[in-house]
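The data block below is entry.cif; it holds mmCIF, C-alpha atoms.
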```cif
data_run
#
loop_
_atom_site.label_atom_id
_atom_site.label_comp_id
_atom_site.auth_asym_id
_atom_site.auth_seq_id
_atom_site.Cartn_x
_atom_site.Cartn_y
_atom_site.Cartn_z
CA MET A 9 -76.76 -25.67 40.37
CA THR A 10 -77.03 -23.43 43.37
CA GLY A 11 -77.55 -23.49 47.07
CA ALA A 12 -78.12 -21.10 49.95
CA ALA A 13 -78.00 -17.54 48.64
CA SER A 14 -75.98 -16.25 51.56
CA THR A 15 -72.97 -18.47 50.86
CA ALA A 16 -70.05 -17.04 48.89
CA GLY A 17 -69.63 -18.03 45.25
CA CYS A 18 -66.72 -20.16 44.14
CA ALA A 19 -67.56 -20.61 40.46
CA ARG A 20 -70.22 -19.44 38.08
CA LEU A 21 -71.18 -20.99 34.76
CA SER A 22 -73.44 -18.93 32.53
CA ASN A 23 -75.14 -20.60 29.60
CA VAL A 24 -72.11 -22.82 28.94
CA SER A 25 -72.10 -25.04 25.87
CA LYS A 26 -69.22 -27.08 24.54
CA LEU A 27 -69.11 -28.43 21.01
CA PHE A 28 -66.66 -30.99 19.68
CA GLY A 29 -67.24 -30.66 15.95
CA GLU A 30 -70.97 -31.13 15.64
CA PHE A 31 -71.29 -33.05 18.92
CA ALA A 32 -72.57 -30.97 21.82
CA ALA A 33 -70.95 -32.29 25.00
CA LEU A 34 -72.60 -29.57 27.11
CA ARG A 35 -75.71 -27.55 26.32
CA HIS A 36 -76.66 -24.31 28.05
CA VAL A 37 -75.40 -25.19 31.50
CA ASN A 38 -76.06 -22.57 34.16
CA ALA A 39 -74.58 -23.14 37.57
CA GLU A 40 -73.38 -21.45 40.69
CA LEU A 41 -70.95 -23.34 42.90
CA LEU A 42 -70.85 -22.23 46.51
CA THR A 43 -67.69 -22.15 48.55
CA GLY A 44 -67.23 -24.99 51.01
CA LYS A 45 -69.79 -27.28 49.40
CA CYS A 46 -69.39 -30.65 47.75
CA TYR A 47 -71.11 -31.19 44.41
CA VAL A 48 -71.49 -34.69 43.05
CA LEU A 49 -72.00 -34.93 39.29
CA VAL A 50 -73.74 -38.05 38.11
CA GLY A 51 -74.92 -39.18 34.71
CA GLU A 52 -74.38 -41.80 32.06
CA ASN A 53 -71.17 -42.11 30.09
CA GLY A 54 -70.99 -39.24 27.62
CA ALA A 55 -73.35 -37.05 29.66
CA GLY A 56 -70.74 -34.29 29.83
CA LYS A 57 -69.41 -34.71 33.38
CA SER A 58 -65.72 -34.80 32.47
CA THR A 59 -66.14 -31.97 29.98
CA LEU A 60 -67.74 -29.84 32.68
CA LEU A 61 -64.84 -30.53 35.04
CA ARG A 62 -62.25 -29.71 32.36
CA ILE A 63 -64.02 -26.44 31.63
CA LEU A 64 -64.04 -25.57 35.32
CA ALA A 65 -60.33 -26.43 35.45
CA GLY A 66 -59.62 -24.08 32.56
CA LEU A 67 -58.30 -26.93 30.41
CA LEU A 68 -61.14 -26.46 27.91
CA ARG A 69 -62.79 -23.24 26.87
CA PRO A 70 -66.55 -23.24 26.41
CA SER A 71 -67.81 -22.83 22.84
CA HIS A 72 -70.53 -20.54 24.16
CA GLY A 73 -71.16 -18.91 27.51
CA THR A 74 -68.80 -17.93 30.29
CA VAL A 75 -67.12 -19.57 33.26
CA ARG A 76 -65.83 -17.50 36.15
CA VAL A 77 -64.25 -18.55 39.42
CA PHE A 78 -63.27 -17.05 42.77
CA SER A 79 -64.88 -13.75 43.52
CA PRO A 80 -62.00 -11.90 45.22
CA ASP A 81 -64.23 -10.35 47.87
CA GLY A 82 -65.76 -13.73 48.59
CA THR A 83 -69.29 -12.63 47.71
CA ASN A 84 -71.76 -13.42 44.99
CA SER A 85 -71.22 -10.03 43.45
CA ALA A 86 -70.90 -8.81 39.89
CA GLU A 87 -69.57 -11.09 37.16
CA THR A 88 -66.60 -8.79 36.65
CA ASN A 89 -65.30 -9.59 40.13
CA PHE A 90 -64.65 -13.19 39.12
CA VAL A 91 -61.77 -14.37 36.98
CA GLU A 92 -61.48 -16.97 34.24
CA PRO A 93 -60.35 -20.42 35.46
CA HIS A 94 -57.02 -20.37 33.66
CA GLU A 95 -56.15 -17.11 35.42
CA ALA A 96 -56.60 -18.82 38.79
CA ARG A 97 -55.22 -22.22 37.85
CA GLU A 98 -52.91 -22.44 40.87
CA ARG A 99 -56.00 -22.30 43.11
CA ILE A 100 -57.73 -25.17 41.31
CA GLY A 101 -56.83 -28.84 41.70
CA TYR A 102 -57.85 -31.27 38.98
CA MET A 103 -57.65 -35.04 39.07
CA SER A 104 -58.57 -36.89 35.88
CA HIS A 105 -59.13 -40.55 34.98
CA ALA A 106 -55.41 -40.77 34.17
CA SER A 107 -52.88 -40.46 36.98
CA MET A 108 -51.19 -37.31 35.62
CA LEU A 109 -47.92 -38.66 37.03
CA TYR A 110 -44.67 -39.85 35.46
CA ASP A 111 -44.35 -43.64 35.46
CA GLU A 112 -40.56 -43.53 35.78
CA LEU A 113 -40.51 -41.47 38.99
CA THR A 114 -41.49 -42.51 42.50
CA GLY A 115 -44.55 -40.97 44.11
CA GLU A 116 -42.38 -38.73 46.25
CA GLU A 117 -40.28 -37.59 43.25
CA ASN A 118 -43.41 -36.83 41.26
CA LEU A 119 -44.85 -34.74 44.06
CA ARG A 120 -41.58 -32.93 44.74
CA TYR A 121 -41.40 -32.02 41.06
CA PHE A 122 -44.96 -30.68 40.91
CA ALA A 123 -44.60 -28.81 44.22
CA SER A 124 -41.58 -26.97 42.82
CA LEU A 125 -43.72 -25.66 39.95
CA TYR A 126 -46.04 -23.85 42.39
CA VAL A 127 -43.63 -21.04 43.17
CA GLY A 128 -45.03 -18.58 45.73
CA ARG A 129 -47.82 -20.90 46.83
CA GLU A 130 -47.63 -22.67 50.15
CA CYS A 131 -47.61 -26.37 49.29
CA LEU A 132 -47.82 -29.39 51.53
CA ALA A 133 -44.60 -31.34 51.97
CA PRO A 134 -44.70 -34.21 49.43
CA ALA A 135 -44.28 -36.77 52.21
CA ASP A 136 -47.25 -35.28 54.12
CA ALA A 137 -49.44 -35.30 51.03
CA LEU A 138 -48.61 -38.96 50.44
CA ARG A 139 -49.29 -39.84 54.07
CA GLN A 140 -52.66 -38.07 53.87
CA VAL A 141 -53.78 -40.42 51.12
CA GLY A 142 -52.39 -43.46 52.88
CA LEU A 143 -49.24 -43.99 50.82
CA ASP A 144 -45.78 -44.60 52.24
CA PRO A 145 -43.55 -41.66 51.23
CA ASP A 146 -40.47 -43.89 51.52
CA LEU A 147 -41.75 -46.29 48.89
CA LYS A 148 -38.97 -46.38 46.27
CA ARG A 149 -41.03 -48.04 43.57
CA PRO A 150 -41.70 -45.95 40.45
CA VAL A 151 -45.35 -45.03 39.90
CA GLY A 152 -45.40 -47.28 36.82
CA GLN A 153 -45.22 -50.24 39.20
CA TYR A 154 -48.06 -49.04 41.44
CA SER A 155 -51.43 -50.77 41.45
CA GLN A 156 -54.33 -48.82 39.97
CA GLY A 157 -55.62 -47.93 43.44
CA MET A 158 -52.19 -46.68 44.53
CA ARG A 159 -51.93 -44.55 41.41
CA GLN A 160 -55.32 -43.08 42.20
CA ARG A 161 -54.14 -42.16 45.70
CA ALA A 162 -50.87 -40.71 44.41
CA SER A 163 -52.85 -38.70 41.90
CA LEU A 164 -55.02 -37.31 44.69
CA ALA A 165 -51.88 -36.47 46.67
CA ARG A 166 -50.62 -34.49 43.70
CA VAL A 167 -53.87 -32.54 43.60
CA LEU A 168 -53.85 -31.85 47.35
CA LEU A 169 -50.23 -30.69 47.25
CA ALA A 170 -50.95 -27.06 46.35
CA GLN A 171 -53.91 -26.91 48.78
CA PRO A 172 -56.41 -25.86 46.10
CA GLU A 173 -59.55 -23.93 46.98
CA LEU A 174 -61.55 -25.70 44.26
CA LEU A 175 -61.02 -29.43 43.94
CA LEU A 176 -62.21 -31.13 40.74
CA LEU A 177 -62.17 -34.93 40.82
CA ASP A 178 -63.07 -37.10 37.86
CA GLU A 179 -64.12 -40.56 39.03
CA PRO A 180 -61.95 -40.54 42.17
CA PHE A 181 -63.41 -43.80 43.53
CA SER A 182 -62.85 -45.95 40.46
CA ASN A 183 -60.52 -48.93 40.96
CA MET A 184 -60.44 -48.44 44.72
CA ASP A 185 -61.34 -50.98 47.37
CA VAL A 186 -64.04 -50.22 49.95
CA GLU A 187 -61.59 -49.32 52.70
CA SER A 188 -59.66 -46.94 50.43
CA VAL A 189 -62.88 -45.28 49.34
CA ALA A 190 -63.85 -44.70 52.98
CA GLN A 191 -60.42 -43.16 53.66
CA MET A 192 -60.73 -40.91 50.64
CA VAL A 193 -64.21 -39.78 51.62
CA GLU A 194 -62.96 -38.89 55.11
CA LEU A 195 -60.11 -36.92 53.59
CA LEU A 196 -62.50 -35.06 51.29
CA ALA A 197 -64.80 -34.35 54.24
CA ARG A 198 -61.90 -32.66 56.06
CA PHE A 199 -61.15 -30.72 52.91
CA ARG A 200 -64.75 -29.53 52.69
CA GLN A 201 -64.81 -28.61 56.38
CA ALA A 202 -61.85 -26.32 55.67
CA ASN A 203 -64.27 -24.29 53.50
CA ARG A 204 -62.91 -25.62 50.22
CA THR A 205 -65.18 -26.56 47.35
CA ILE A 206 -65.31 -30.03 45.81
CA VAL A 207 -66.83 -31.06 42.51
CA LEU A 208 -66.57 -34.75 41.78
CA THR A 209 -68.00 -37.10 39.20
CA THR A 210 -68.88 -40.67 40.00
CA HIS A 211 -70.94 -43.62 38.88
CA GLN A 212 -71.00 -44.85 42.48
CA ARG A 213 -73.24 -42.23 44.06
CA GLU A 214 -73.42 -44.13 47.35
CA HIS A 215 -69.66 -43.66 47.91
CA ALA A 216 -69.97 -39.86 47.73
CA ALA A 217 -73.23 -39.64 49.68
CA PRO A 218 -71.59 -38.88 53.08
CA ILE A 219 -70.08 -35.65 51.74
CA ALA A 220 -72.55 -34.64 49.01
CA ASP A 221 -74.18 -31.25 49.64
CA PHE A 222 -75.71 -31.34 46.17
CA VAL A 223 -76.19 -34.05 43.59
CA LEU A 224 -76.38 -32.82 40.04
CA THR A 225 -77.54 -35.09 37.26
CA LEU A 226 -76.37 -34.44 33.72
CA LYS A 227 -78.10 -36.01 30.75
CA ALA A 228 -76.92 -35.53 27.17
CA GLY A 229 -75.03 -32.39 28.14
CA ARG A 230 -77.92 -30.73 29.97
CA VAL A 231 -78.55 -30.33 33.67
CA GLU A 232 -81.44 -32.70 34.31
CA ASN A 233 -81.88 -31.98 37.99
CA LEU A 234 -80.16 -30.73 41.10
CA LEU A 235 -81.05 -32.29 44.39
CA PRO A 236 -79.76 -31.42 47.85
CA GLY A 237 -77.75 -34.17 49.47
CA ALA A 238 -77.72 -35.29 53.07
CA PRO A 239 -74.06 -35.17 54.09
CA THR A 240 -73.17 -37.06 57.26
CA LEU A 241 -69.46 -36.19 57.51
CA MET B 15 -37.60 -18.80 35.19
CA ILE B 16 -34.12 -20.32 35.60
CA ARG B 17 -35.30 -22.31 38.61
CA ALA B 18 -38.30 -23.61 36.68
CA VAL B 19 -36.09 -24.57 33.71
CA TRP B 20 -33.75 -26.42 36.07
CA THR B 21 -36.67 -28.25 37.73
CA HIS B 22 -38.05 -29.46 34.38
CA LEU B 23 -34.58 -30.34 33.10
CA VAL B 24 -33.64 -32.42 36.15
CA LYS B 25 -36.94 -34.28 35.85
CA ASP B 26 -36.36 -35.03 32.14
CA LEU B 27 -32.78 -36.18 32.74
CA ARG B 28 -33.87 -38.40 35.63
CA ILE B 29 -36.57 -40.02 33.52
CA GLU B 30 -34.15 -40.58 30.64
CA TRP B 31 -31.51 -41.98 32.99
CA ARG B 32 -34.03 -44.57 34.17
CA SER B 33 -35.65 -45.43 30.85
CA LYS B 34 -32.80 -44.71 28.38
CA GLU B 35 -35.47 -44.73 25.68
CA SER B 36 -34.34 -41.67 23.77
CA ILE B 37 -30.59 -42.18 23.69
CA ASN B 38 -30.77 -45.90 22.88
CA SER B 39 -33.21 -45.53 20.00
CA MET B 40 -31.40 -42.51 18.61
CA LEU B 41 -27.96 -44.10 18.86
CA PHE B 42 -28.91 -47.31 17.09
CA PHE B 43 -30.75 -45.47 14.35
CA ALA B 44 -27.87 -43.05 13.76
CA LEU B 45 -25.38 -45.92 13.72
CA LEU B 46 -27.48 -47.71 11.13
CA VAL B 47 -27.61 -44.64 8.89
CA VAL B 48 -23.83 -44.16 9.11
CA VAL B 49 -23.12 -47.83 8.36
CA VAL B 50 -25.65 -48.04 5.52
CA PHE B 51 -24.27 -44.91 3.85
CA SER B 52 -20.70 -46.21 4.21
CA LEU B 53 -21.72 -49.46 2.47
CA ALA B 54 -23.74 -47.71 -0.22
CA PHE B 55 -21.11 -45.16 -1.26
CA ASP B 56 -17.80 -46.89 -0.53
CA PRO B 57 -16.44 -43.69 1.00
CA ARG B 58 -12.68 -43.39 0.75
CA GLY B 59 -10.24 -40.48 0.50
CA ALA B 60 -11.49 -37.10 -0.73
CA PHE B 61 -14.95 -38.41 -1.57
CA ALA B 62 -15.45 -39.46 2.04
CA ARG B 63 -14.68 -35.95 3.22
CA ASP B 64 -17.10 -34.50 0.65
CA ILE B 65 -20.09 -36.52 1.81
CA ALA B 66 -19.25 -37.02 5.50
CA GLY B 67 -20.76 -33.71 6.63
CA GLY B 68 -24.02 -34.52 4.91
CA VAL B 69 -24.17 -38.06 6.28
CA LEU B 70 -23.50 -36.88 9.83
CA CYS B 71 -26.21 -34.21 9.66
CA VAL B 72 -28.77 -36.47 8.01
CA ALA B 73 -28.09 -39.25 10.54
CA THR B 74 -28.60 -36.78 13.37
CA LEU B 75 -31.75 -35.37 11.80
CA PHE B 76 -33.45 -38.72 11.20
CA ALA B 77 -32.38 -40.19 14.51
CA SER B 78 -33.52 -37.22 16.56
CA SER B 79 -37.02 -37.03 15.10
CA SER B 80 -38.13 -40.11 17.06
CA THR B 81 -36.63 -38.69 20.24
CA LEU B 82 -38.32 -35.34 19.77
CA ASN B 83 -41.69 -37.06 19.59
CA GLN B 84 -40.88 -39.25 22.56
CA ALA B 85 -40.06 -36.25 24.73
CA TRP B 86 -43.66 -35.04 24.49
CA ALA B 87 -45.20 -38.49 24.38
CA ARG B 88 -44.08 -38.83 28.00
CA GLU B 89 -46.10 -35.76 28.86
CA ILE B 90 -49.19 -36.98 27.02
CA ARG B 91 -49.05 -40.43 28.63
CA HIS B 92 -51.34 -40.37 31.69
CA ASN B 93 -52.30 -36.76 30.82
CA VAL B 94 -49.31 -35.30 32.66
CA LEU B 95 -49.42 -32.37 30.26
CA ASP B 96 -52.73 -31.33 31.84
CA ALA B 97 -50.97 -31.12 35.21
CA GLN B 98 -48.30 -28.97 33.56
CA ARG B 99 -50.99 -26.72 32.11
CA MET B 100 -52.64 -26.36 35.52
CA ALA B 101 -49.38 -25.41 37.23
CA PRO B 102 -48.54 -21.70 37.47
CA SER B 103 -45.21 -22.22 35.71
CA SER B 104 -44.40 -20.58 32.38
CA GLY B 105 -44.63 -22.60 29.20
CA ALA B 106 -41.38 -21.03 28.04
CA ALA B 107 -39.55 -22.68 30.95
CA LEU B 108 -41.01 -26.06 30.03
CA PHE B 109 -40.05 -25.59 26.38
CA LEU B 110 -36.52 -24.47 27.19
CA ALA B 111 -35.92 -27.39 29.55
CA LYS B 112 -37.25 -29.88 27.00
CA ALA B 113 -35.07 -28.36 24.27
CA LEU B 114 -32.01 -28.44 26.56
CA ALA B 115 -32.66 -32.08 27.47
CA ASN B 116 -33.05 -33.02 23.81
CA PHE B 117 -29.89 -31.06 23.01
CA LEU B 118 -27.96 -33.07 25.60
CA PHE B 119 -29.33 -36.38 24.30
CA VAL B 120 -28.49 -35.57 20.66
CA SER B 121 -25.04 -34.27 21.65
CA ILE B 122 -24.28 -37.44 23.59
CA VAL B 123 -25.26 -39.51 20.55
CA GLN B 124 -23.05 -37.35 18.31
CA LEU B 125 -20.11 -37.86 20.68
CA LEU B 126 -20.64 -41.61 20.70
CA LEU B 127 -21.06 -41.60 16.93
CA ALA B 128 -17.91 -39.60 16.21
CA PRO B 129 -15.31 -42.40 16.56
CA VAL B 130 -17.45 -44.83 14.55
CA PHE B 131 -17.84 -42.16 11.92
CA LEU B 132 -14.11 -41.51 11.71
CA VAL B 133 -13.39 -45.22 11.34
CA PHE B 134 -16.07 -46.03 8.77
CA TYR B 135 -15.29 -43.02 6.60
CA ASN B 136 -11.53 -43.13 7.19
CA LEU B 137 -11.56 -39.39 7.82
CA ARG B 138 -8.71 -36.95 8.38
CA ILE B 139 -9.75 -33.42 9.23
CA GLU B 140 -7.97 -30.96 6.92
CA GLY B 141 -9.42 -27.73 8.34
CA ASN B 142 -9.61 -26.35 11.87
CA ALA B 143 -11.08 -29.24 13.86
CA TRP B 144 -12.00 -27.02 16.81
CA LEU B 145 -14.59 -25.26 14.67
CA LEU B 146 -16.63 -28.47 14.83
CA ALA B 147 -17.16 -27.61 18.50
CA GLU B 148 -19.03 -24.50 17.29
CA VAL B 149 -20.82 -25.92 14.29
CA LEU B 150 -22.23 -29.11 15.79
CA PRO B 151 -23.78 -27.48 18.91
CA LEU B 152 -25.21 -24.63 16.82
CA GLY B 153 -26.68 -27.03 14.25
CA THR B 154 -27.93 -29.39 16.93
CA TRP B 155 -29.62 -26.54 18.79
CA ALA B 156 -31.31 -25.42 15.54
CA LEU B 157 -32.67 -28.94 15.18
CA VAL B 158 -33.83 -29.50 18.76
CA ALA B 159 -35.30 -26.02 19.32
CA ASN B 160 -37.51 -26.30 16.24
CA GLY B 161 -38.04 -30.01 16.76
CA THR B 162 -39.17 -29.59 20.36
CA PHE B 163 -41.57 -26.84 19.34
CA PHE B 164 -43.11 -28.67 16.40
CA ALA B 165 -43.24 -31.97 18.28
CA ALA B 166 -45.35 -30.21 20.90
CA LEU B 167 -47.53 -28.82 18.13
CA SER B 168 -48.11 -32.23 16.55
CA ILE B 169 -48.23 -34.36 19.70
CA ARG B 170 -52.03 -34.48 19.92
CA SER B 171 -52.29 -35.64 16.32
CA ARG B 172 -52.80 -39.31 15.57
CA ASN B 173 -50.21 -39.08 12.77
CA ARG B 174 -47.59 -37.32 14.87
CA GLU B 175 -44.76 -39.64 13.77
CA LEU B 176 -45.39 -38.50 10.21
CA LEU B 177 -46.44 -34.94 10.95
CA LEU B 178 -43.28 -33.90 12.78
CA PRO B 179 -40.84 -34.59 9.91
CA LEU B 180 -43.31 -33.01 7.47
CA ILE B 181 -43.30 -29.74 9.42
CA LEU B 182 -39.77 -29.81 10.80
CA PHE B 183 -37.63 -30.83 7.85
CA PRO B 184 -38.61 -27.98 5.46
CA ILE B 185 -38.12 -25.38 8.20
CA PHE B 186 -34.79 -26.92 9.18
CA ILE B 187 -33.42 -26.85 5.60
CA PRO B 188 -31.53 -23.50 5.91
CA ALA B 189 -29.84 -24.70 9.11
CA LEU B 190 -29.17 -28.13 7.57
CA LEU B 191 -27.46 -26.53 4.56
CA ALA B 192 -25.36 -24.29 6.78
CA MET B 193 -24.43 -27.24 9.01
CA VAL B 194 -23.53 -29.56 6.12
CA LEU B 195 -21.54 -26.93 4.24
CA SER B 196 -19.62 -25.80 7.31
CA VAL B 197 -18.81 -29.39 8.40
CA THR B 198 -17.69 -30.19 4.86
CA ALA B 199 -15.58 -27.00 4.79
CA ILE B 200 -13.90 -28.02 8.05
CA LEU B 201 -13.30 -31.61 6.93
CA THR B 202 -11.90 -30.69 3.53
CA GLY B 203 -10.17 -27.47 4.60
CA GLU B 204 -10.98 -26.02 1.16
CA SER B 205 -13.10 -23.05 2.26
CA ASP B 206 -13.82 -20.85 5.25
CA PRO B 207 -16.92 -21.96 7.22
CA ALA B 208 -17.26 -18.60 9.05
CA LEU B 209 -20.21 -17.39 6.98
CA TRP B 210 -22.14 -20.63 7.53
CA ILE B 211 -21.42 -20.54 11.26
CA LYS B 212 -22.76 -16.98 11.47
CA MET B 213 -25.85 -18.05 9.56
CA LEU B 214 -26.40 -20.95 11.99
CA ALA B 215 -26.06 -18.59 14.95
CA GLY B 216 -28.55 -16.16 13.42
CA TYR B 217 -30.98 -18.98 12.64
CA ASP B 218 -30.72 -20.21 16.24
CA ILE B 219 -31.43 -16.79 17.72
CA ILE B 220 -34.43 -16.10 15.49
CA PHE B 221 -36.08 -19.48 15.84
CA THR B 222 -35.40 -19.89 19.56
CA THR B 223 -36.94 -16.48 20.23
CA ALA B 224 -39.99 -17.29 18.10
CA CYS B 225 -40.46 -20.67 19.81
CA LEU B 226 -40.17 -19.15 23.29
CA LEU B 227 -42.70 -16.45 22.47
CA LEU B 228 -45.21 -18.83 20.88
CA PHE B 229 -44.90 -21.85 23.12
CA ASP B 230 -47.58 -20.84 25.62
CA VAL B 231 -50.10 -20.78 22.77
CA VAL B 232 -49.11 -24.31 21.74
CA LEU B 233 -49.14 -25.60 25.32
CA HIS B 234 -52.62 -24.31 26.09
CA ALA B 235 -54.18 -25.22 22.74
CA GLU B 236 -57.11 -27.60 23.13
#
```

Final C-alpha cells representation of the file:
Amino acid sequence: MTGAASTAGCARLSNVSKLFGEFAALRHVNAELLTGKCYVLVGENGAGKSTLLRILAGLLRPSHGTVRVFSPDGTNSAETNFVEPHEARERIGYMSHASMLYDELTGEENLRYFASLYVGRECLAPADALRQVGLDPDLKRPVGQYSQGMRQRASLARVLLAQPELLLLDEPFSNMDVESVAQMVELLARFRQANRTIVLTTHQREHAAPIADFVLTLKAGRVENLLPGAPTL
Amino acid sequence: MIRAVWTHLVKDLRIEWRSKESINSMLFFALLVVVVFSLAFDPRGAFARDIAGGVLCVATLFASSSTLNQAWAREIRHNVLDAQRMAPSSGAALFLAKALANFLFVSIVQLLLAPVFLVFYNLRIEGNAWLLAEVLPLGTWALVANGTFFAALSIRSRNRELLLPLILFPIFIPALLAMVLSVTAILTGESDPALWIKMLAGYDIIFTTACLLLFDVVLHAE
C-alpha cells in the first residue's frame, strides 16, 4: 500500500500479522500510508479490515511485524523516526461499528466529556463538531434514543473532536441514507484537503469513490491488490 | 490528574442519576439479604449484636458485586472503552473515578439500609457509635477499590458475573474479617476495634496503590 514516493509518510506497516489463537486475521501485511491521502479498504467479511484498523489505532498489537506512525520530521525517513500508534493515540481518531458513546448522555454531553479528556490538545467545540456532521447540538435526547444513522453521525463527531491527523473509520456509511452519505463524504473530503490521512473500510465502494486515492483489497488477511482511485472531491 | 478524575466521576454520577441501575439493584438485593437473615436467625438481644456486623458486611459484599460489574459493562457497551483507551488520559484517573463513584453508590445504600437494619435486628449500639463512621468507609473502600480493579480485569470474560466474586472474595477476606470484627466490637462494646481499624487502613493503602499502579496494564490489555 503506497503511493507517490515524494509524499510524507503517515503510517508504516512492516510484515504485520495478527493471530487470534490459531486464526490468522492478518498475514504479512506491508503498507505505507501517505499523509493527506484517503485509503479505502475493501474485502469480504472476515478479510481483516477491522483488525487492520484496530492495529493502526493501537488498540491491538500485531503478533508479528511492526506498525509505526507519524514521522516527526514529516518525511519517509528511518523507521526509528516513527512512533508506535499507542504513543500517538491523541493524534489518531478511530470510529468503530459501535457508536463508542454513552447511551444515557446526550450527544453534546458525550462530546464535552471526551473533549475534556484531550488535555493540551486543541479540540473543536462539541457544538461545532455536531453541526459539522449535521446534528443539532441542542438536541436534548440521550444517544440511546438516536436512530442508527444519528448515532453514526454522533460517533463521527466524537472522532473529529480532537482534530486527528489520522482518521480510521470502520464502515462509516453503514445504516446511513443516501443524503447523509453524501454529506459525510463531503466532510471527509474537506478533512483530506486539510492534509489529514483517512483509512476507511466499506462494503459500499461506490460511496467512497469520490475521495478514494487508493483502494486496497484484503482477502483472507492478505493484501490482494492496491489500485489507485480517481477522487473527484 | 485531579481534573481527569473529576471529569470521569461527574460522567459516572450523571449516568447513574439518569439510569439508577446500580443503586436500585444494590439496594433491593441488600434489603433482601438483611430480611432473609433476620428471618433465618431470629435475631434478638445479644445474639443480634453478635451477628449484625457480619450480616451488614455480607449484604454489602453480595449487593455490590453486581454494581461493580455494571460499572464496567457501561464502558464495554458500544465499545466506549476503546474511546477511553484512545484518549490521552491516564488509566489511573479512570480507575480512581470509577472506584469513587462505586464508593458513593455503596455508601448511599449503606445509609439507606441502616435504619432498616436497626429495626429488623432491634439493635442498640453499646460501643462508640462514631467509630462506625471510620470502619464502614474504610471497609467499603477496600471492597470497591479491589472490586473496581478486578471487575475491569474480568469484564471481557463471558463468565464475568461468576469470575468477579471468584477473584474478589478471597482477596477481600482480610478486609472483611477486619470490618466484621470491628463492627461487632462497636455494636457489642466488648472489645476495642482500634487494631482492626488500623488493619483496614493499611489494607486500603496497599491495595489502592497496587490497583493504581497496575490499572493501565489492565485497561490496555487486548

Next item on the list: Apply the PyMOL selection byres ((chain B) within 8 of (chain A)) to the displayed file and report the matching residues as a list in words.
Entry: Ala18, Thr21, His22, Lys25, Ile29, Arg32, Ser33, Arg88, Glu89, Arg91, His92, Asn93, Val94, Leu95, Asp96, Ala97, Arg99, Met100, Ala101, Pro102, Ser103, His234 and Glu236 of chain B

Notebook entry, point to check: Neighbours of segment 39-52 of chain B within 8 Å (all atoms listed in the file; same-chain residues fewer than 6 positions away dropped), as a VMD selection string?
Noted result: chain B and resid 69 to 70 73 to 74 76 to 78 80 to 81 120 123 126 to 127 131 134 to 135

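Comparing the minimum interatomic distances between Asp218 of chain B and each of B:Phe183, B:Trp31, B:Trp155, B:Phe163, counting all atoms listed in the file, we find that B:Trp155 sits nearest.
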
Next item on the list: Run through the PyMOL selection byres ((chain A and resi 47-49) around 7) on the given coordinates and return the selected residues as a list in words.
Entry: Lys45, Cys46, Val50, Gly51, Lys57, Ile206, Val207, Leu208, Thr209, Thr210, Ala220, Asp221, Phe222, Val223, Leu224 and Thr225 of chain A

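Counting from atom CA of Lys26 of chain A, the distance to atom CA of Ser71 of chain A is 4.8 Å.
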
Taking the file as shown, what set of residues would the PyMOL selection byres ((chain B and resi 198) around 9) give back, as a compact mmCIF listing (two decimals) with C-alpha atoms, in the frame of the given file?
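What landed in out-v3.txt:
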```
# COMPACT_ATOMS: atom_id res chain seq x y z
CA ARG B 63 -14.68 -35.95 3.22
CA ASP B 64 -17.10 -34.50 0.65
CA ILE B 65 -20.09 -36.52 1.81
CA ALA B 66 -19.25 -37.02 5.50
CA GLY B 67 -20.76 -33.71 6.63
CA GLY B 68 -24.02 -34.52 4.91
CA MET B 193 -24.43 -27.24 9.01
CA VAL B 194 -23.53 -29.56 6.12
CA LEU B 195 -21.54 -26.93 4.24
CA SER B 196 -19.62 -25.80 7.31
CA VAL B 197 -18.81 -29.39 8.40
CA ALA B 199 -15.58 -27.00 4.79
CA ILE B 200 -13.90 -28.02 8.05
CA LEU B 201 -13.30 -31.61 6.93
CA THR B 202 -11.90 -30.69 3.53
CA GLY B 203 -10.17 -27.47 4.60
CA GLU B 204 -10.98 -26.02 1.16
CA SER B 205 -13.10 -23.05 2.26
CA PRO B 207 -16.92 -21.96 7.22
```

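Of note, atom CA of Glu92 of chain A and atom CA of Ala133 of chain A are spaced 28.4 Å apart.
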
Note to self: Can you pull out the residues contacting Lys148 of chain A? Cut-off 12 Å, using only C-alpha atoms, and skip same-chain residues under 2 positions away; I want them as an MDAnalysis selection string.
What the structure shows: chainID A and resid 112:118 143:146 150:154

Restricted to C-alpha atoms, what would the selected residues look like written as a short mmCIF file (atom, residue, chain, number, x, y, z; two decimals), keeping the file's coordinate frame?
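out.cif, written as the output of this step:
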```
data_model
loop_
_atom_site.label_atom_id
_atom_site.label_comp_id
_atom_site.auth_asym_id
_atom_site.auth_seq_id
_atom_site.Cartn_x
_atom_site.Cartn_y
_atom_site.Cartn_z
CA GLU A 112 -40.56 -43.53 35.78
CA LEU A 113 -40.51 -41.47 38.99
CA THR A 114 -41.49 -42.51 42.50
CA GLY A 115 -44.55 -40.97 44.11
CA GLU A 116 -42.38 -38.73 46.25
CA GLU A 117 -40.28 -37.59 43.25
CA ASN A 118 -43.41 -36.83 41.26
CA LEU A 143 -49.24 -43.99 50.82
CA ASP A 144 -45.78 -44.60 52.24
CA PRO A 145 -43.55 -41.66 51.23
CA ASP A 146 -40.47 -43.89 51.52
CA PRO A 150 -41.70 -45.95 40.45
CA VAL A 151 -45.35 -45.03 39.90
CA GLY A 152 -45.40 -47.28 36.82
CA GLN A 153 -45.22 -50.24 39.20
CA TYR A 154 -48.06 -49.04 41.44
#
```

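Picture a line from atom CA of Leu61 of chain A to atom CA of Leu174 of chain A; it runs 10.9 Å.
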
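Of the residues listed (B:Gln124, B:Thr223, B:Asn142, B:Asn136), B:Gln124 shows the shortest atom-to-atom separation from Thr154 of chain B; distances use all atoms listed in the file.
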
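Checking B:Val158, B:Leu167, B:Ala60, B:Ala85 one by one against Leu233 of chain B, counting all atoms listed in the file, you find the shortest gap at B:Leu167.
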
Item checked: Shell around Ile211 of chain B at 10 Å using all atoms listed in the file, local window under 2 positions removed, as a ChimeraX atom specification -> /B:145-146,148-150,152-153,189,192-193,195-197,206-209,213-217

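Compared by their closest atoms to Leu118 of chain B, and using only C-alpha atoms, the residues B:Asp26, B:Glu175, B:Asp230, B:Glu140 rank with B:Asp26 nearest.
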
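The shortest atom-to-atom distance to Phe199 of chain A, with all atoms listed in the file taken into account, belongs to A:Leu168 out of A:Met184, A:Leu168, A:Leu147, A:Leu177.
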